[in-house]
Each structure stands twice: as structure tokens, then as C-alpha cells.
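Asker: One structure, pasted below without further comment.
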Amino acid sequence: MRGVVAFAGLASLFAIPSSLAQDIDFDGIDAAPDPVVVTPAVAVASQTVSVAPVAQQASAAAASVTIALDNGASSLESTPAPVEKRSVPYKRDGTCAAQPSGSGYVPIPDTPQNFLADSGVWGDSLTAPLPDGYSLIFSNLTGSLSASNYMGLYTLRSYDTNACAGYCKKASGCVSFNVYVERDPTLDPNTNNCPTPPSTSNFRCTLWGTPVTAKQATNKGQWRAKFQVLIAGSNAYSKVAAPAPVAPTDPLTQFTASDPLKGAMNAPLDSNGHNTYMGYTYYPFSQSQGYTPSTCAAACLAQTAYDKAHPAADGSFMACLFFNAYVLNINGVPQGLYCSNYNTTWSSAYA
Ligand SMILES: *[C@@H]1O[C@H](CO)[C@@H](O)[C@H](O)[C@H]1NC(C)=O
Ligand SMILES: *[C@@H]1O[C@H](CO)[C@@H](O)[C@H](O)[C@H]1NC(C)=O
């Protein structure tokens, strides 16, 4: 990424290490809040979640987040296929009420063991088409994603990776999605009256505003009375390219993207022996804000504005002309967006 710098704007941690060393500031990261991790509900047909669109990030205004943790939002039901049409609502009262039927394969005998073992349940995950513009992150796991920046859930008619990709493409800020088969009860389980009802298999699709990893496929289901909710055939996909600017006002439009780098920048001193590094901003992933390279672009521009307003005694100031945006992982789990700023454009050879 090529562009300009700043510190300000977004409510978050920012720091200028006193030494201006470019190494990842582990103390600063440790001191920053942990990323917010969300586990989508089971036994819901749909959930709508709004995360701050990219163009609004620089103002960091409060964005509304709505996570309906039960019964889902019904607004999606009028969407044309592949959203499941259903006449009965999901219940969690233990009333033995009939639950919506999924469209997936149910093993015979209908046991939790067979749900995980029978390729009729998860076979599609191995052969599902790779949607254009996405890469496969993991395949056929028995956990769905608990990750950051949850953007909603859809129920599909089949193991339709292209349909889920379509929802991701339409959702501003969506970077990754997860398709999986969920073992759900056909009756709202009750410990005394219907502890282990027959199962139904639902195809789910969840959307995420951050990159994801297999380490985050941790949601392996739950018990409802004596009925075991399970996950199988869990596949995740992430966008291949960095998000493009979405609006003319997007600060990212003021920069030119480099090719993807092999590592974080570690720029040398310039030809006069001066340090061109200007510090970093770090944004732990949150549920109320979507963080993308546009966030770094806004931070870079804000730093220039700040420096311009606070020049050195001789009137000079450093301008952020170049930034490096990356997702910091700890033990394979994405934590947040790290933006480092420079007053000079460096080639990818220094990554
Ligand atoms: C797919 O996952 C199931 C667990 O649901 C496992 O038993 C099976 O061996 C896996 N198949 C492949 C080819 O990875
Ligand atoms: C970058 O900042 C350094 C240190 O202030 C300065 O010496 C150098 O001239 C600046 N480079 C550019 C291209 O502005």
C-alpha cells in the first residue's frame, strides 16, 4: 500500500514507540483489548448484523449492531432462493414443538456418531466449488467459526458455496464465509417428554468481516436436553484480494495498492540515514467496527493532519505517504489490524 499517515480518528489504541523501531510492539499489543469473538447461534434460520461500512470508518461513529440470538430475523425469508422457506419458527422452550426442517441428508440410524461419520452428511464439503475470488481456508471440519466481526447467518437449501459467496459479496466489508452442516432437532427437545427427537440437517452460511483460520473452527455444537447439536463438513473461504475502496470518499482511494506482501515491512533508513518509520496504529477486532485497509488509510491521513498541525520548530513535519496493513495472528488466531506508517514509499523487497 502506498499513501499517507496519521494517528487519530478511530477510537482505538495508537502509539508511537519511542525508539521508532518497526518490530511488532508486543507490549502494546498485550496492553490492547483482546479481539471480540462471536459465536453464531445454532438453530436459527437467519441473523442480520450490521458492521460499520468501510466508508464510515474514519468517523468511528457508533454503528449499530443487532444480533438476534433467537428465532432469527424474518426479513431474509422473502429473499429469493436459496434461503429456506419455513412455516414453523425455531423454539428453545423445551415444549417438543415441531422445528423447521433442514434440506440436508440424515443418516440411518440417526445418531450423533453417524452424523459425523457418514459421508452423506459432509461429502459435499469435499467437492464444493471454489467461488470465484475466494480461496479455501479449511475444509470438512467438525466445528463452525467463532471469530471476529460476525456479519450474519443464512440457511441454504443445499451445500451451496456460491450462494454463500454471493451473500458475502453483497455485504459491505465481508471478507470470509463459513458453510457447514448443522445437526438440529426436529422437535424442541424436552428432558422428560422428547429428550432425543429425530434430527434434521441444516446447511448454514455465516459471514465474517475479518480473515479466518482453522484454529477458529471451535464451535462444535451443544446439548439440548439429550439431543446433541453437531457441526460437520465445515468449510471456510476468504477473499483473495485486499478489499477495494467502496466509495469515492473512502480514504483508500488516495493510495495505490501494492501486490500482496510476503511479510510485514521492515524498511531500512533512507539514503541520508534518517528513519522513515512513523509509528503504528493497532485495532483489535471488534464487533461494532469493520477494520480493513481503509482503516489504515484513514489513520495514515489523520497522522499527516496531526503532524501538520504540530510541526517541528523549523516548520517541517512528517507526512504519511505509505502504510503497511496486516492482520496480526497469535497462535493462528487473528487478533486485529496492524497499520504501520512511513513517510517514504518502500518496495515490497523490504517486506
Ligand atoms: C470428513 O469429516 C469427517 C467427520 O465429520 C471425518 O470422519 C472424515 O474422515 C473426513 N473426511 C475427509 C476426507 O477428510
Ligand atoms: C522522512 O522523515 C525523515 C525524518 O524526519 C526525514 O529526514 C526525511 O527527509 C523524510 N522523507 C521524506 C521523503 O519526506
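Quick note on naming: the chains in the C-alpha cells go A, B, ... in the order shown, residues restart at 1 in each chain, and ligands are numbered from 1 in order of appearance.
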Residues at most 8 Å from Cys296 in chain A, counting only C-alpha atoms, excluding those fewer than 5 positions away in the same chain, as a list in words?
Answerer: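 Residues meeting the cut-off are Thr281, Phe323, Asn324, Ala325, Tyr338 and Cys339 of chain A.
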Asker: With only C-alpha atoms and all ligand atoms counted, collect every polymer residue having an atom within 10 Å of ligand 1; state the result as a compact mmCIF listing (two decimals) with N, CA, C and O atoms, in the first residue's frame.
Answerer:
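New file result-v6.txt:
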```txt
# COMPACT_ATOMS: atom_id res chain seq x y z
N GLN A 113 -23.11 -40.08 16.22
CA GLN A 113 -21.90 -40.72 15.67
C GLN A 113 -21.99 -40.78 14.15
O GLN A 113 -21.03 -40.50 13.44
N ASN A 114 -23.15 -41.19 13.65
CA ASN A 114 -23.30 -41.31 12.20
C ASN A 114 -23.31 -39.97 11.50
O ASN A 114 -22.88 -39.86 10.35
N PHE A 115 -23.81 -38.94 12.17
CA PHE A 115 -23.78 -37.62 11.57
C PHE A 115 -22.34 -37.24 11.23
O PHE A 115 -22.05 -36.68 10.16
N LEU A 116 -21.42 -37.55 12.14
CA LEU A 116 -20.01 -37.21 11.91
C LEU A 116 -19.33 -38.20 10.96
O LEU A 116 -18.41 -37.84 10.24
N ALA A 117 -19.81 -39.44 10.96
CA ALA A 117 -19.09 -40.49 10.20
C ALA A 117 -19.61 -40.67 8.78
O ALA A 117 -18.86 -41.11 7.90
N ASP A 118 -20.87 -40.36 8.53
CA ASP A 118 -21.50 -40.68 7.24
C ASP A 118 -21.19 -39.60 6.20
O ASP A 118 -21.56 -38.43 6.38
N SER A 119 -20.54 -40.02 5.12
CA SER A 119 -20.15 -39.03 4.11
C SER A 119 -21.35 -38.40 3.41
O SER A 119 -21.23 -37.38 2.75
N VAL A 121 -23.50 -36.86 4.90
CA VAL A 121 -23.69 -35.59 5.59
C VAL A 121 -22.68 -34.54 5.10
O VAL A 121 -23.07 -33.42 4.76
N TRP A 122 -21.41 -34.93 5.06
CA TRP A 122 -20.36 -33.93 4.83
C TRP A 122 -19.64 -34.07 3.49
O TRP A 122 -18.75 -33.27 3.19
N GLY A 123 -20.02 -35.08 2.67
CA GLY A 123 -19.31 -35.32 1.41
C GLY A 123 -19.27 -34.09 0.50
O GLY A 123 -18.26 -33.84 -0.18
N ASP A 124 -20.36 -33.32 0.50
CA ASP A 124 -20.40 -32.14 -0.37
C ASP A 124 -19.29 -31.13 -0.05
O ASP A 124 -18.87 -30.36 -0.91
N SER A 125 -18.85 -31.13 1.21
CA SER A 125 -17.83 -30.13 1.58
C SER A 125 -16.52 -30.39 0.86
O SER A 125 -15.71 -29.48 0.67
N LEU A 126 -16.31 -31.66 0.47
CA LEU A 126 -15.04 -32.00 -0.20
C LEU A 126 -15.06 -31.67 -1.68
O LEU A 126 -14.01 -31.51 -2.30
N SER A 139 -11.45 -27.14 5.30
CA SER A 139 -12.48 -27.98 4.69
C SER A 139 -12.85 -29.14 5.60
O SER A 139 -12.00 -29.70 6.29
N ASN A 140 -14.13 -29.50 5.61
CA ASN A 140 -14.63 -30.71 6.28
C ASN A 140 -14.28 -30.78 7.76
O ASN A 140 -14.03 -31.85 8.30
N LEU A 141 -14.29 -29.65 8.45
CA LEU A 141 -14.05 -29.67 9.91
C LEU A 141 -15.37 -29.92 10.63
O LEU A 141 -16.46 -29.78 10.07
N THR A 142 -15.26 -30.28 11.91
CA THR A 142 -16.46 -30.56 12.71
C THR A 142 -16.77 -29.41 13.66
O THR A 142 -17.43 -29.59 14.68
N GLY A 143 -16.26 -28.22 13.33
CA GLY A 143 -16.60 -27.02 14.09
C GLY A 143 -16.90 -25.89 13.13
O GLY A 143 -16.31 -25.80 12.05
N VAL A 181 -22.74 -27.99 7.80
CA VAL A 181 -23.98 -28.73 8.05
C VAL A 181 -24.18 -28.79 9.56
O VAL A 181 -23.24 -29.11 10.30
N LEU A 230 -24.65 -30.86 16.42
CA LEU A 230 -23.29 -31.07 15.94
C LEU A 230 -23.06 -30.30 14.64
O LEU A 230 -24.03 -29.90 13.97
N ILE A 231 -21.80 -30.15 14.31
CA ILE A 231 -21.40 -29.49 13.07
C ILE A 231 -20.54 -30.47 12.28
O ILE A 231 -19.69 -31.15 12.85
N ALA A 232 -20.74 -30.54 10.97
CA ALA A 232 -19.87 -31.35 10.10
C ALA A 232 -19.68 -30.62 8.78
O ALA A 232 -20.41 -29.67 8.46
N GLY A 233 -18.68 -31.05 8.02
CA GLY A 233 -18.46 -30.50 6.68
C GLY A 233 -18.26 -29.00 6.69
O GLY A 233 -18.71 -28.31 5.77
N SER A 234 -17.56 -28.49 7.70
CA SER A 234 -17.40 -27.03 7.81
C SER A 234 -16.25 -26.55 6.91
O SER A 234 -15.10 -26.97 7.09
```
Asker: When the cut-off is 9 Å and you count only C-alpha atoms and all ligand atoms, which residues lie near ligand 2, shown as a list in words?
Answerer: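 Residues lying within 9 Å of ligand 2: Leu269, Asp270, Asn272, Gly273, His274, Asn275, Thr276, Tyr277, Met278, Ser316, Phe317, Met318, Ala319, Cys320, Leu321, Tyr342, Asn343, Thr344 and Thr345 of chain A.
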Asker: Atoms to include: N, CA, C and O atoms. Write the selected residues as a PDB file, in the first residue's frame.
Answerer:
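Output saved as result17.pdb:
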```pdb
ATOM      1  N   LEU A 269      16.910   2.592   6.785  1.00  0.00           N
ATOM      2  CA  LEU A 269      16.988   4.052   6.867  1.00  0.00           C
ATOM      3  C   LEU A 269      17.068   4.594   5.441  1.00  0.00           C
ATOM      4  O   LEU A 269      17.455   3.875   4.518  1.00  0.00           O
ATOM      5  N   ASP A 270      16.684   5.843   5.266  1.00  0.00           N
ATOM      6  CA  ASP A 270      16.772   6.397   3.908  1.00  0.00           C
ATOM      7  C   ASP A 270      18.216   6.743   3.564  1.00  0.00           C
ATOM      8  O   ASP A 270      19.125   6.554   4.380  1.00  0.00           O
ATOM      9  N   ASN A 272      19.851   9.282   3.519  1.00  0.00           N
ATOM     10  CA  ASN A 272      20.536  10.223   4.415  1.00  0.00           C
ATOM     11  C   ASN A 272      20.664   9.685   5.831  1.00  0.00           C
ATOM     12  O   ASN A 272      21.021  10.415   6.762  1.00  0.00           O
ATOM     13  N   GLY A 273      20.310   8.407   6.000  1.00  0.00           N
ATOM     14  CA  GLY A 273      20.422   7.801   7.330  1.00  0.00           C
ATOM     15  C   GLY A 273      19.279   8.157   8.251  1.00  0.00           C
ATOM     16  O   GLY A 273      19.379   7.998   9.469  1.00  0.00           O
ATOM     17  N   HIS A 274      18.181   8.637   7.689  1.00  0.00           N
ATOM     18  CA  HIS A 274      17.037   9.004   8.528  1.00  0.00           C
ATOM     19  C   HIS A 274      15.982   7.901   8.548  1.00  0.00           C
ATOM     20  O   HIS A 274      15.748   7.227   7.541  1.00  0.00           O
ATOM     21  N   ASN A 275      15.340   7.787   9.701  1.00  0.00           N
ATOM     22  CA  ASN A 275      14.280   6.794   9.859  1.00  0.00           C
ATOM     23  C   ASN A 275      13.000   7.310   9.204  1.00  0.00           C
ATOM     24  O   ASN A 275      12.554   8.418   9.489  1.00  0.00           O
ATOM     25  N   THR A 276      12.409   6.505   8.340  1.00  0.00           N
ATOM     26  CA  THR A 276      11.180   6.934   7.658  1.00  0.00           C
ATOM     27  C   THR A 276       9.934   6.353   8.315  1.00  0.00           C
ATOM     28  O   THR A 276       8.816   6.620   7.889  1.00  0.00           O
ATOM     29  N   TYR A 277      10.125   5.516   9.330  1.00  0.00           N
ATOM     30  CA  TYR A 277       9.002   4.896  10.043  1.00  0.00           C
ATOM     31  C   TYR A 277       8.358   5.925  10.955  1.00  0.00           C
ATOM     32  O   TYR A 277       9.038   6.704  11.629  1.00  0.00           O
ATOM     33  N   MET A 278       7.056   5.945  10.990  1.00  0.00           N
ATOM     34  CA  MET A 278       6.349   6.970  11.756  1.00  0.00           C
ATOM     35  C   MET A 278       5.531   6.411  12.905  1.00  0.00           C
ATOM     36  O   MET A 278       4.826   7.159  13.584  1.00  0.00           O
ATOM     37  N   SER A 316       8.857  22.053   9.755  1.00  0.00           N
ATOM     38  CA  SER A 316       8.748  20.807   8.995  1.00  0.00           C
ATOM     39  C   SER A 316       7.905  19.778   9.755  1.00  0.00           C
ATOM     40  O   SER A 316       7.756  19.861  10.976  1.00  0.00           O
ATOM     41  N   PHE A 317       7.347  18.837   9.019  1.00  0.00           N
ATOM     42  CA  PHE A 317       6.592  17.746   9.654  1.00  0.00           C
ATOM     43  C   PHE A 317       6.695  16.525   8.757  1.00  0.00           C
ATOM     44  O   PHE A 317       6.956  16.635   7.561  1.00  0.00           O
ATOM     45  N   MET A 318       6.473  15.364   9.355  1.00  0.00           N
ATOM     46  CA  MET A 318       6.494  14.128   8.570  1.00  0.00           C
ATOM     47  C   MET A 318       5.086  13.873   8.016  1.00  0.00           C
ATOM     48  O   MET A 318       4.099  14.022   8.726  1.00  0.00           O
ATOM     49  N   ALA A 319       5.037  13.504   6.759  1.00  0.00           N
ATOM     50  CA  ALA A 319       3.746  13.183   6.146  1.00  0.00           C
ATOM     51  C   ALA A 319       3.692  11.686   5.863  1.00  0.00           C
ATOM     52  O   ALA A 319       4.657  11.114   5.346  1.00  0.00           O
ATOM     53  N   CYS A 320       2.594  11.068   6.189  1.00  0.00           N
ATOM     54  CA  CYS A 320       2.452   9.633   5.933  1.00  0.00           C
ATOM     55  C   CYS A 320       2.128   9.411   4.459  1.00  0.00           C
ATOM     56  O   CYS A 320       1.069   9.799   3.969  1.00  0.00           O
ATOM     57  N   LEU A 321       3.073   8.821   3.744  1.00  0.00           N
ATOM     58  CA  LEU A 321       2.894   8.597   2.303  1.00  0.00           C
ATOM     59  C   LEU A 321       2.724   7.120   1.977  1.00  0.00           C
ATOM     60  O   LEU A 321       2.451   6.752   0.845  1.00  0.00           O
ATOM     61  N   TYR A 342       4.790   5.187   7.170  1.00  0.00           N
ATOM     62  CA  TYR A 342       6.109   5.643   6.717  1.00  0.00           C
ATOM     63  C   TYR A 342       5.951   6.937   5.929  1.00  0.00           C
ATOM     64  O   TYR A 342       4.909   7.153   5.295  1.00  0.00           O
ATOM     65  N   ASN A 343       7.002   7.756   5.940  1.00  0.00           N
ATOM     66  CA  ASN A 343       6.923   8.977   5.125  1.00  0.00           C
ATOM     67  C   ASN A 343       7.573   8.780   3.757  1.00  0.00           C
ATOM     68  O   ASN A 343       7.753   9.723   3.008  1.00  0.00           O
ATOM     69  N   THR A 344       7.929   7.554   3.454  1.00  0.00           N
ATOM     70  CA  THR A 344       8.584   7.234   2.193  1.00  0.00           C
ATOM     71  C   THR A 344       7.990   5.932   1.652  1.00  0.00           C
ATOM     72  O   THR A 344       7.673   5.039   2.430  1.00  0.00           O
ATOM     73  N   THR A 345       7.850   5.844   0.367  1.00  0.00           N
ATOM     74  CA  THR A 345       7.327   4.627  -0.248  1.00  0.00           C
ATOM     75  C   THR A 345       8.448   3.611  -0.417  1.00  0.00           C
ATOM     76  O   THR A 345       9.491   3.918  -0.989  1.00  0.00           O
TER      77      THR A 345
END
```
Asker: As a VMD selection string, which residues of range 104-318 of chain A does DSSP assign to strand (DSSP E)?
Answerer: chain A and resid 134 to 141 150 to 156 176 to 185 199 to 208 222 to 224 227 to 239 277 to 284
Asker: Near Thr161 in chain A, within 9 Å and counting only C-alpha atoms, which residues show up once chain neighbours fewer than 2 positions away are dropped, as a PyMOL selection string?
Answerer: chain A and resi 125+128-131+158-159+163-166+177-179+205+235+237
Asker: Measuring atom to atom with only C-alpha atoms, identify which of A:Thr200, A:Asn219, A:Thr155, A:Ser258 is nearest to Ser101 in chain A.
Answerer: A:Thr200
Asker: Counting only C-alpha atoms, what is within 10 Å of Asp132 in chain A, bar same-chain residues fewer than 5 positions away, as a PyMOL selection string?
Answerer: chain A and resi 162+165+239-240
Asker: Distance CA of Pro251 in chain A-CA of Thr292 in chain A, one decimal place?
Answerer: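 Atom-to-atom, CA of Pro251 in chain A to CA of Thr292 in chain A, that is 11.1 Å.
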Asker: Pull the helix (DSSP H, G or I) assignments for range 132-348 of chain A out of DSSP run on the backbone, and list those residues as a count of residues only.
Answerer: 35
Asker: For Pro198 in chain A, which residue out of A:Asp259, A:Asp110, A:Glu182, A:Asp25 is the nearest one, using only C-alpha atoms?
Answerer: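 Under the stated criterion, the closest residue is A:Asp110.
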Asker: Would you tabulate, counting only C-alpha atoms, all residues of range 101-212 of chain A that have an atom at most 12 Å from an atom of range 34-41 of chain A, showing the closest pair of atoms and their distance in Å to one decimal, sorted by chain then ascending number, as JSON lines?
Answerer:
```
{"residue": "A:Gly143", "atom": "CA", "partner": "A:Thr39", "partner_atom": "CA", "distance": 11.0}
{"residue": "A:Ser144", "atom": "CA", "partner": "A:Thr39", "partner_atom": "CA", "distance": 8.6}
{"residue": "A:Leu145", "atom": "CA", "partner": "A:Thr39", "partner_atom": "CA", "distance": 7.0}
{"residue": "A:Ser146", "atom": "CA", "partner": "A:Thr39", "partner_atom": "CA", "distance": 4.5}
{"residue": "A:Ala147", "atom": "CA", "partner": "A:Val37", "partner_atom": "CA", "distance": 4.9}
{"residue": "A:Ser148", "atom": "CA", "partner": "A:Val37", "partner_atom": "CA", "distance": 4.6}
{"residue": "A:Asn149", "atom": "CA", "partner": "A:Val38", "partner_atom": "CA", "distance": 7.4}
{"residue": "A:Tyr150", "atom": "CA", "partner": "A:Val38", "partner_atom": "CA", "distance": 6.3}
{"residue": "A:Met151", "atom": "CA", "partner": "A:Pro40", "partner_atom": "CA", "distance": 9.6}
{"residue": "A:Gly152", "atom": "CA", "partner": "A:Pro40", "partner_atom": "CA", "distance": 8.0}
{"residue": "A:Leu153", "atom": "CA", "partner": "A:Pro40", "partner_atom": "CA", "distance": 7.5}
{"residue": "A:Tyr154", "atom": "CA", "partner": "A:Pro40", "partner_atom": "CA", "distance": 10.8}
{"residue": "A:Asn178", "atom": "CA", "partner": "A:Pro40", "partner_atom": "CA", "distance": 11.0}
{"residue": "A:Glu182", "atom": "CA", "partner": "A:Ala41", "partner_atom": "CA", "distance": 11.1}
{"residue": "A:Asp184", "atom": "CA", "partner": "A:Ala41", "partner_atom": "CA", "distance": 11.9}
{"residue": "A:Arg204", "atom": "CA", "partner": "A:Pro40", "partner_atom": "CA", "distance": 10.4}
{"residue": "A:Cys205", "atom": "CA", "partner": "A:Pro40", "partner_atom": "CA", "distance": 10.3}
{"residue": "A:Thr206", "atom": "CA", "partner": "A:Pro40", "partner_atom": "CA", "distance": 7.9}
{"residue": "A:Leu207", "atom": "CA", "partner": "A:Pro40", "partner_atom": "CA", "distance": 9.9}
{"residue": "A:Trp208", "atom": "CA", "partner": "A:Val38", "partner_atom": "CA", "distance": 9.9}
{"residue": "A:Gly209", "atom": "CA", "partner": "A:Val38", "partner_atom": "CA", "distance": 11.6}
{"residue": "A:Thr210", "atom": "CA", "partner": "A:Val37", "partner_atom": "CA", "distance": 11.0}
{"residue": "A:Val212", "atom": "CA", "partner": "A:Val37", "partner_atom": "CA", "distance": 11.5}
```
Asker: Between CA of Ser176 in chain A and CA of Leu136 in chain A, what is the distance, to one decimal in Å?
Answerer: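 Distance between the two atoms: 9.8 Å.
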Asker: Kindly indicate which residue among A:Pro189, A:Pro107, A:Pro33, A:Gly263 lies nearest to Gly120 in chain A, using only C-alpha atoms for the distances.
Answerer: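 For Gly120 in chain A, the nearest of the candidates is A:Pro107.
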Asker: Can you tell me which residues surround Trp223 in chain A at a distance of at most 12 Å, considering only C-alpha atoms, apart from same-chain residues fewer than 5 positions away, and format the answer as an MDAnalysis selection string?
Answerer: chainID A and resid 42:43 92 112 183:185 188:191 195:196 228:230
Asker: How about saving the chosen residues, all heavy atoms kept, as a tab-separated table (two decimals), in the first residue's frame?
Answerer:
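Once everything was written out, this is part-v8.tsv:
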```tsv
chain	number	residue	atom	x	y	z
A	42	VAL	N	-26.96	-21.50	17.23
A	42	VAL	CA	-27.43	-22.65	16.47
A	42	VAL	C	-28.95	-22.59	16.44
A	42	VAL	O	-29.57	-21.88	17.22
A	42	VAL	CB	-26.97	-23.99	17.09
A	42	VAL	CG1	-25.47	-24.10	17.08
A	42	VAL	CG2	-27.52	-24.15	18.50
A	43	ALA	N	-29.53	-23.35	15.52
A	43	ALA	CA	-30.98	-23.40	15.37
A	43	ALA	C	-31.59	-22.02	15.18
A	43	ALA	O	-32.53	-21.63	15.85
A	43	ALA	CB	-31.62	-24.12	16.56
A	92	ARG	N	-36.96	-22.62	21.64
A	92	ARG	CA	-35.99	-23.17	22.59
A	92	ARG	C	-36.61	-23.23	23.98
A	92	ARG	O	-35.95	-23.00	24.97
A	92	ARG	CB	-34.74	-22.29	22.63
A	92	ARG	CG	-34.02	-22.19	21.30
A	92	ARG	CD	-32.76	-21.39	21.43
A	92	ARG	NE	-31.76	-22.12	22.18
A	92	ARG	CZ	-30.89	-22.95	21.62
A	92	ARG	NH1	-30.87	-23.13	20.33
A	92	ARG	NH2	-30.01	-23.57	22.36
A	112	PRO	N	-25.75	-39.23	16.62
A	112	PRO	CA	-24.68	-38.23	16.53
A	112	PRO	C	-23.42	-38.82	15.88
A	112	PRO	O	-22.77	-38.16	15.07
A	112	PRO	CB	-24.41	-37.86	17.99
A	112	PRO	CG	-25.69	-38.16	18.69
A	112	PRO	CD	-26.29	-39.34	17.98
A	183	ARG	N	-26.46	-30.33	12.73
A	183	ARG	CA	-27.44	-31.34	13.18
A	183	ARG	C	-28.35	-30.69	14.21
A	183	ARG	O	-27.90	-30.31	15.30
A	183	ARG	CB	-26.70	-32.52	13.81
A	183	ARG	CG	-27.61	-33.63	14.31
A	183	ARG	CD	-26.82	-34.81	14.88
A	183	ARG	NE	-27.67	-35.98	15.01
A	183	ARG	CZ	-28.29	-36.33	16.14
A	183	ARG	NH1	-28.14	-35.62	17.25
A	183	ARG	NH2	-29.05	-37.41	16.17
A	184	ASP	N	-29.61	-30.57	13.85
A	184	ASP	CA	-30.59	-29.91	14.72
A	184	ASP	C	-31.74	-30.85	15.02
A	184	ASP	O	-32.02	-31.78	14.25
A	184	ASP	CB	-31.13	-28.65	14.03
A	184	ASP	CG	-30.09	-27.53	13.95
A	184	ASP	OD1	-29.42	-27.28	14.97
A	184	ASP	OD2	-29.94	-26.93	12.86
A	185	PRO	N	-32.45	-30.60	16.11
A	185	PRO	CA	-33.61	-31.44	16.46
A	185	PRO	C	-34.85	-31.09	15.64
A	185	PRO	O	-35.04	-29.92	15.29
A	185	PRO	CB	-33.83	-31.13	17.94
A	185	PRO	CG	-33.30	-29.73	18.11
A	185	PRO	CD	-32.17	-29.57	17.13
A	188	ASP	N	-38.44	-29.33	19.55
A	188	ASP	CA	-37.74	-28.55	20.57
A	188	ASP	C	-37.53	-29.46	21.79
A	188	ASP	O	-38.48	-29.78	22.50
A	188	ASP	CB	-38.63	-27.33	20.90
A	188	ASP	CG	-38.03	-26.43	21.94
A	188	ASP	OD1	-36.82	-26.56	22.22
A	188	ASP	OD2	-38.78	-25.60	22.48
A	189	PRO	N	-36.29	-29.92	22.04
A	189	PRO	CA	-36.09	-31.03	22.98
A	189	PRO	C	-36.52	-30.70	24.42
A	189	PRO	O	-36.30	-29.58	24.90
A	189	PRO	CB	-34.58	-31.27	22.92
A	189	PRO	CG	-34.14	-30.67	21.64
A	189	PRO	CD	-35.04	-29.49	21.42
A	190	ASN	N	-37.10	-31.70	25.06
A	190	ASN	CA	-37.52	-31.59	26.45
A	190	ASN	C	-36.99	-32.82	27.19
A	190	ASN	O	-37.17	-33.95	26.72
A	190	ASN	CB	-39.05	-31.53	26.53
A	190	ASN	CG	-39.55	-31.50	27.97
A	190	ASN	OD1	-39.54	-32.52	28.66
A	190	ASN	ND2	-39.96	-30.33	28.41
A	191	THR	N	-36.35	-32.62	28.31
A	191	THR	CA	-35.67	-33.70	29.02
A	191	THR	C	-36.61	-34.86	29.33
A	191	THR	O	-36.22	-36.03	29.27
A	191	THR	CB	-35.05	-33.17	30.33
A	191	THR	OG1	-34.34	-31.99	30.01
A	191	THR	CG2	-34.11	-34.18	30.94
A	195	PRO	N	-36.61	-36.13	24.78
A	195	PRO	CA	-35.19	-35.83	25.03
A	195	PRO	C	-34.30	-36.00	23.80
A	195	PRO	O	-33.31	-35.29	23.66
A	195	PRO	CB	-34.80	-36.81	26.13
A	195	PRO	CG	-35.79	-37.92	26.04
A	195	PRO	CD	-37.07	-37.31	25.53
A	196	THR	N	-34.64	-36.94	22.93
A	196	THR	CA	-33.80	-37.20	21.75
A	196	THR	C	-34.67	-37.32	20.52
A	196	THR	O	-34.82	-38.41	19.95
A	196	THR	CB	-32.96	-38.48	21.92
A	196	THR	OG1	-33.85	-39.56	22.23
A	196	THR	CG2	-31.92	-38.35	22.99
A	228	GLN	N	-27.95	-34.00	20.77
A	228	GLN	CA	-26.65	-33.40	20.51
A	228	GLN	C	-26.65	-32.63	19.20
A	228	GLN	O	-26.76	-33.21	18.12
A	228	GLN	CB	-25.55	-34.47	20.50
A	228	GLN	CG	-24.16	-33.86	20.60
A	228	GLN	CD	-23.06	-34.91	20.78
A	228	GLN	OE1	-23.29	-36.10	20.65
A	228	GLN	NE2	-21.86	-34.43	21.07
A	229	VAL	N	-26.53	-31.30	19.31
A	229	VAL	CA	-26.35	-30.45	18.13
A	229	VAL	C	-24.89	-30.60	17.70
A	229	VAL	O	-23.98	-30.52	18.54
A	229	VAL	CB	-26.66	-28.98	18.45
A	229	VAL	CG1	-26.32	-28.08	17.27
A	229	VAL	CG2	-28.12	-28.82	18.86
A	230	LEU	N	-24.65	-30.86	16.42
A	230	LEU	CA	-23.29	-31.07	15.94
A	230	LEU	C	-23.06	-30.30	14.64
A	230	LEU	O	-24.03	-29.90	13.97
A	230	LEU	CB	-23.05	-32.56	15.67
A	230	LEU	CG	-22.89	-33.47	16.89
A	230	LEU	CD1	-22.94	-34.94	16.47
A	230	LEU	CD2	-21.58	-33.17	17.62
```
Asker: Can you pull out every residue within 12 Å of Pro260 in chain A, counting only C-alpha atoms, but drop anything in the same chain fewer than 5 positions away, and send it as a list of chain:residue names?
Answerer: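 With the cut-off at 12 Å, the set is A:Met1, A:Val240, A:Ala241, A:Ala242, A:Pro243, A:Met265, A:Asn324, A:Ala325, A:Tyr326, A:Ser347, A:Ser348, A:Ala349, A:Ala351.
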Asker: My list of candidates is A:Lys91, A:Phe138, A:Ser172, A:Tyr282. Which is closest to Phe26 in chain A when distances are computed with only C-alpha atoms?
Answerer: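 Among the listed residues, A:Tyr282 lies closest to Phe26 in chain A.
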